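Report on one structure; see the data block that follows.
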Amino acid sequence: DPATGRLYVCVHSTSNGPWNLLVMSAQTGATLSTVPGIVGNLHAMALSANGQYLYLADAATATAGAPILRYNTASGTVDLQWSLPVTTPGGYTASPDVTALATPTGSPGTLIVSESNGIAIIFDGATPRLFDSTIAGSALNSASGGIPIIFAGSSRVYLGGAPCWQWLDFDAFGFSGGQSTCGPIPSDLQQLGGVLYASDGASAAAFS
């Protein structure tokens, strides 16, 4: 978090044990606080653009979708938790895991989740928006190894970089379109020297 100079790191407490959350000073490397055992098996984490919330995804179980925790960086507590919905394709129960998380600009309570079942969902708090997307999940979990979510702006989330540019557009109702196959460089990226940047004005992702 550049505003506070804090670095959020998850580490195993013991080999293959639960994950502890360390809040560290990015300037000195000192550990400011520790949250022991915050998740059992960390799959993904993402910080909101304003540093208010840190989102962490735990592993799914045989009967329940992956839990998602919202850690409030001001209070130092988990103030919200929910689980991904369980699906029943073909009559059998599928408990989706999380493959990636992204936090859009200007809405710290909003989280974009890519599921292992090939679906991406935008959550406002624990409430999903109406329109999800199978395009994002399919791209993220393709046979070629998948394309990770790497940056979200106010209305677009990028799924990868050169030479294969893919992204999804979204609005207040959910996903609204985008570029689902490999395409040209998005017009909203900025170039500086040999590096391209996606930026929301406060933070940026660099594509070499």
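So you can find residues: chains in the structure tokens are A, B, ... in the order shown, residues in each start at 1, and ligands are numbered from 1 in order.
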
Spatial neighbours of Asp188 (chain A), 12 Å, only C-alpha atoms, chain gap at least 2 places, as a PyMOL selection string | chain A and resi 153+155-158+167+184-186+190-191+196-200

Could you write out, as a PyMOL selection string, all the residues of region 69-123 of chain A that DSSP marks as strand (DSSP E)?
-> chain A and resi 69-72+77-83+98-102+110-115+120-123

Could you check which of A:Ala94, A:Ala26, A:Ala136, A:Ala60 is closest to Leu42 (chain A), using only C-alpha atoms?
-> A:Ala60

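In this structure, CA of Asp79 (chain A) sits 23.9 Å away from CA of Ser154 (chain A).
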
Surrounding residues of Gly174 (chain A) excluding itself and chain neighbours under 5 positions, 9 Å, only C-alpha atoms, as a ChimeraX atom specification = /A:121-123,128-133,169

Which neighbours of Thr110 (chain A) fall inside 10 Å, counting only C-alpha atoms, when residues of the same chain fewer than 5 positions from it are skipped, and could you give them as a list in words?
->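 Close residues of Thr110 (chain A): Ser48, Tyr53, Ala102, Thr103, Pro104, Thr105, Ile122, Phe123, Asp124, Gly125, Ala126, Thr127, Pro128 and Arg129 of chain A.
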
Keeping all heavy atoms, export the residues of the selection given above as an mmCIF file, in the first residue's frame.
```
data_model
loop_
_atom_site.group_PDB
_atom_site.id
_atom_site.type_symbol
_atom_site.label_atom_id
_atom_site.label_comp_id
_atom_site.auth_asym_id
_atom_site.auth_seq_id
_atom_site.Cartn_x
_atom_site.Cartn_y
_atom_site.Cartn_z
ATOM 1 N N SER A 48 -7.392 -3.642 -1.907
ATOM 2 C CA SER A 48 -8.213 -2.639 -2.581
ATOM 3 C C SER A 48 -7.357 -1.441 -2.965
ATOM 4 O O SER A 48 -6.321 -1.173 -2.361
ATOM 5 C CB SER A 48 -9.381 -2.193 -1.687
ATOM 6 O OG SER A 48 -8.906 -1.565 -0.509
ATOM 7 N N TYR A 53 -9.076 -2.511 2.309
ATOM 8 C CA TYR A 53 -9.349 -3.931 2.531
ATOM 9 C C TYR A 53 -8.304 -4.803 1.846
ATOM 10 O O TYR A 53 -7.849 -4.501 0.743
ATOM 11 C CB TYR A 53 -10.721 -4.318 1.981
ATOM 12 C CG TYR A 53 -11.882 -3.607 2.631
ATOM 13 C CD1 TYR A 53 -12.744 -2.829 1.872
ATOM 14 C CD2 TYR A 53 -12.129 -3.731 3.995
ATOM 15 C CE1 TYR A 53 -13.830 -2.179 2.460
ATOM 16 C CE2 TYR A 53 -13.205 -3.082 4.590
ATOM 17 C CZ TYR A 53 -14.055 -2.311 3.816
ATOM 18 O OH TYR A 53 -15.110 -1.674 4.394
ATOM 19 N N ALA A 102 -9.026 -9.653 -8.154
ATOM 20 C CA ALA A 102 -8.655 -8.306 -8.595
ATOM 21 C C ALA A 102 -9.605 -7.312 -7.949
ATOM 22 O O ALA A 102 -10.782 -7.609 -7.727
ATOM 23 C CB ALA A 102 -8.712 -8.191 -10.117
ATOM 24 N N THR A 103 -9.100 -6.122 -7.639
ATOM 25 C CA THR A 103 -9.904 -5.082 -7.000
ATOM 26 C C THR A 103 -9.985 -3.866 -7.918
ATOM 27 O O THR A 103 -8.958 -3.290 -8.268
ATOM 28 C CB THR A 103 -9.279 -4.668 -5.655
ATOM 29 O OG1 THR A 103 -7.893 -4.350 -5.849
ATOM 30 C CG2 THR A 103 -9.387 -5.794 -4.648
ATOM 31 N N PRO A 104 -11.180 -3.479 -8.336
ATOM 32 C CA PRO A 104 -11.317 -2.341 -9.242
ATOM 33 C C PRO A 104 -11.094 -1.005 -8.550
ATOM 34 O O PRO A 104 -11.176 -0.894 -7.323
ATOM 35 C CB PRO A 104 -12.755 -2.457 -9.753
ATOM 36 C CG PRO A 104 -13.470 -3.186 -8.670
ATOM 37 C CD PRO A 104 -12.471 -4.111 -8.061
ATOM 38 N N THR A 105 -10.831 0.010 -9.347
ATOM 39 C CA THR A 105 -10.591 1.357 -8.843
ATOM 40 C C THR A 105 -11.868 1.984 -8.292
ATOM 41 O O THR A 105 -12.944 1.787 -8.833
ATOM 42 C CB THR A 105 -10.074 2.244 -9.997
ATOM 43 O OG1 THR A 105 -8.953 1.608 -10.573
ATOM 44 C CG2 THR A 105 -9.683 3.618 -9.504
ATOM 45 N N ILE A 122 -18.289 -10.693 -10.058
ATOM 46 C CA ILE A 122 -17.991 -9.446 -9.363
ATOM 47 C C ILE A 122 -18.861 -9.399 -8.107
ATOM 48 O O ILE A 122 -20.089 -9.499 -8.185
ATOM 49 C CB ILE A 122 -18.285 -8.226 -10.241
ATOM 50 C CG1 ILE A 122 -17.470 -8.290 -11.536
ATOM 51 C CG2 ILE A 122 -17.980 -6.933 -9.492
ATOM 52 C CD1 ILE A 122 -17.811 -7.192 -12.523
ATOM 53 N N PHE A 123 -18.226 -9.264 -6.959
ATOM 54 C CA PHE A 123 -18.933 -9.183 -5.682
ATOM 55 C C PHE A 123 -18.877 -7.758 -5.149
ATOM 56 O O PHE A 123 -17.820 -7.123 -5.155
ATOM 57 C CB PHE A 123 -18.303 -10.116 -4.643
ATOM 58 C CG PHE A 123 -18.559 -11.573 -4.871
ATOM 59 C CD1 PHE A 123 -17.653 -12.348 -5.585
ATOM 60 C CD2 PHE A 123 -19.698 -12.183 -4.368
ATOM 61 C CE1 PHE A 123 -17.880 -13.698 -5.790
ATOM 62 C CE2 PHE A 123 -19.941 -13.533 -4.564
ATOM 63 C CZ PHE A 123 -19.021 -14.298 -5.284
ATOM 64 N N ASP A 124 -20.006 -7.268 -4.671
ATOM 65 C CA ASP A 124 -20.076 -6.033 -3.892
ATOM 66 C C ASP A 124 -20.370 -6.457 -2.461
ATOM 67 O O ASP A 124 -21.497 -6.856 -2.144
ATOM 68 C CB ASP A 124 -21.164 -5.109 -4.429
ATOM 69 C CG ASP A 124 -20.860 -4.658 -5.847
ATOM 70 O OD1 ASP A 124 -19.808 -4.044 -6.061
ATOM 71 O OD2 ASP A 124 -21.674 -4.937 -6.755
ATOM 72 N N GLY A 125 -19.341 -6.405 -1.599
ATOM 73 C CA GLY A 125 -19.469 -7.095 -0.330
ATOM 74 C C GLY A 125 -19.566 -8.582 -0.632
ATOM 75 O O GLY A 125 -18.797 -9.119 -1.415
ATOM 76 N N ALA A 126 -20.540 -9.241 -0.040
ATOM 77 C CA ALA A 126 -20.744 -10.669 -0.310
ATOM 78 C C ALA A 126 -21.803 -10.913 -1.378
ATOM 79 O O ALA A 126 -22.155 -12.056 -1.656
ATOM 80 C CB ALA A 126 -21.145 -11.373 0.980
ATOM 81 N N THR A 127 -22.321 -9.830 -1.996
ATOM 82 C CA THR A 127 -23.412 -9.946 -2.968
ATOM 83 C C THR A 127 -22.872 -9.944 -4.394
ATOM 84 O O THR A 127 -22.194 -8.997 -4.802
ATOM 85 C CB THR A 127 -24.402 -8.782 -2.804
ATOM 86 O OG1 THR A 127 -24.881 -8.755 -1.460
ATOM 87 C CG2 THR A 127 -25.570 -8.935 -3.762
ATOM 88 N N PRO A 128 -23.153 -10.996 -5.180
ATOM 89 C CA PRO A 128 -22.669 -11.018 -6.562
ATOM 90 C C PRO A 128 -23.496 -10.116 -7.463
ATOM 91 O O PRO A 128 -24.710 -9.967 -7.265
ATOM 92 C CB PRO A 128 -22.821 -12.489 -6.962
ATOM 93 C CG PRO A 128 -23.932 -13.002 -6.099
ATOM 94 C CD PRO A 128 -23.840 -12.243 -4.811
ATOM 95 N N ARG A 129 -22.839 -9.494 -8.442
ATOM 96 C CA ARG A 129 -23.577 -8.744 -9.452
ATOM 97 C C ARG A 129 -24.297 -9.717 -10.381
ATOM 98 O O ARG A 129 -23.942 -10.886 -10.489
ATOM 99 C CB ARG A 129 -22.627 -7.843 -10.246
ATOM 100 C CG ARG A 129 -22.048 -6.724 -9.397
ATOM 101 C CD ARG A 129 -21.302 -5.688 -10.210
ATOM 102 N NE ARG A 129 -20.651 -4.721 -9.314
ATOM 103 C CZ ARG A 129 -19.904 -3.707 -9.716
ATOM 104 N NH1 ARG A 129 -19.700 -3.491 -11.013
ATOM 105 N NH2 ARG A 129 -19.343 -2.893 -8.838
#
```

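Backbone DSSP over chain A gives helix (DSSP H, G or I) for Pro89, Gly90, Gly91, Thr134, Ile135, Ala136, Gly137, Ser138, Ala139 and Leu140 of chain A.
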
Could the residues in this selection be saved with N, CA and C atoms as a PDB file, in the first residue's frame?
```pdb
ATOM      1  N   PRO A  89     -23.251 -29.244 -11.733  1.00  0.00           N
ATOM      2  CA  PRO A  89     -23.308 -29.622 -13.151  1.00  0.00           C
ATOM      3  C   PRO A  89     -23.445 -31.127 -13.319  1.00  0.00           C
ATOM      4  N   GLY A  90     -24.390 -31.552 -14.160  1.00  0.00           N
ATOM      5  CA  GLY A  90     -24.571 -32.973 -14.415  1.00  0.00           C
ATOM      6  C   GLY A  90     -25.017 -33.761 -13.203  1.00  0.00           C
ATOM      7  N   GLY A  91     -25.527 -33.071 -12.184  1.00  0.00           N
ATOM      8  CA  GLY A  91     -26.020 -33.769 -11.011  1.00  0.00           C
ATOM      9  C   GLY A  91     -24.996 -34.002  -9.924  1.00  0.00           C
ATOM     10  N   THR A 134     -18.395 -16.547 -18.219  1.00  0.00           N
ATOM     11  CA  THR A 134     -17.648 -17.788 -18.414  1.00  0.00           C
ATOM     12  C   THR A 134     -16.418 -17.540 -19.265  1.00  0.00           C
ATOM     13  N   ILE A 135     -16.382 -16.405 -19.965  1.00  0.00           N
ATOM     14  CA  ILE A 135     -15.237 -16.081 -20.816  1.00  0.00           C
ATOM     15  C   ILE A 135     -13.983 -15.911 -19.972  1.00  0.00           C
ATOM     16  N   ALA A 136     -14.085 -15.183 -18.882  1.00  0.00           N
ATOM     17  CA  ALA A 136     -12.909 -14.908 -18.052  1.00  0.00           C
ATOM     18  C   ALA A 136     -12.343 -16.191 -17.474  1.00  0.00           C
ATOM     19  N   GLY A 137     -13.201 -17.012 -16.908  1.00  0.00           N
ATOM     20  CA  GLY A 137     -12.723 -18.255 -16.312  1.00  0.00           C
ATOM     21  C   GLY A 137     -12.118 -19.188 -17.328  1.00  0.00           C
ATOM     22  N   SER A 138     -12.726 -19.284 -18.518  1.00  0.00           N
ATOM     23  CA  SER A 138     -12.195 -20.169 -19.542  1.00  0.00           C
ATOM     24  C   SER A 138     -10.822 -19.709 -19.981  1.00  0.00           C
ATOM     25  N   ALA A 139     -10.651 -18.410 -20.112  1.00  0.00           N
ATOM     26  CA  ALA A 139      -9.344 -17.889 -20.511  1.00  0.00           C
ATOM     27  C   ALA A 139      -8.315 -18.127 -19.412  1.00  0.00           C
ATOM     28  N   LEU A 140      -8.739 -17.964 -18.176  1.00  0.00           N
ATOM     29  CA  LEU A 140      -7.807 -18.106 -17.061  1.00  0.00           C
ATOM     30  C   LEU A 140      -7.397 -19.547 -16.836  1.00  0.00           C
TER      31      LEU A 140
END
```

Would you mind telling me which residue in A:Gly194, A:Gly5, A:Gly109, A:Pro85 lies nearest to Gly65 (chain A) when using only C-alpha atoms?
-> A:Pro85

Which residue, A:Thr87, A:Ser33, A:Gln166, A:Ser95, has the smallest gap to Thr63 (chain A) when you use only C-alpha atoms?
->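 Among the listed residues, A:Ser95 lies closest to Thr63 (chain A).
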
Find the residues around Val78 (chain A) up to 9 Å (only C-alpha atoms counted), leave out those fewer than 4 positions away in its own chain, and share them as a PyMOL selection string.
-> chain A and resi 38+69-73

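Between CA of Ser114 (chain A) and CA of Pro36 (chain A) there is a distance of 26.1 Å.
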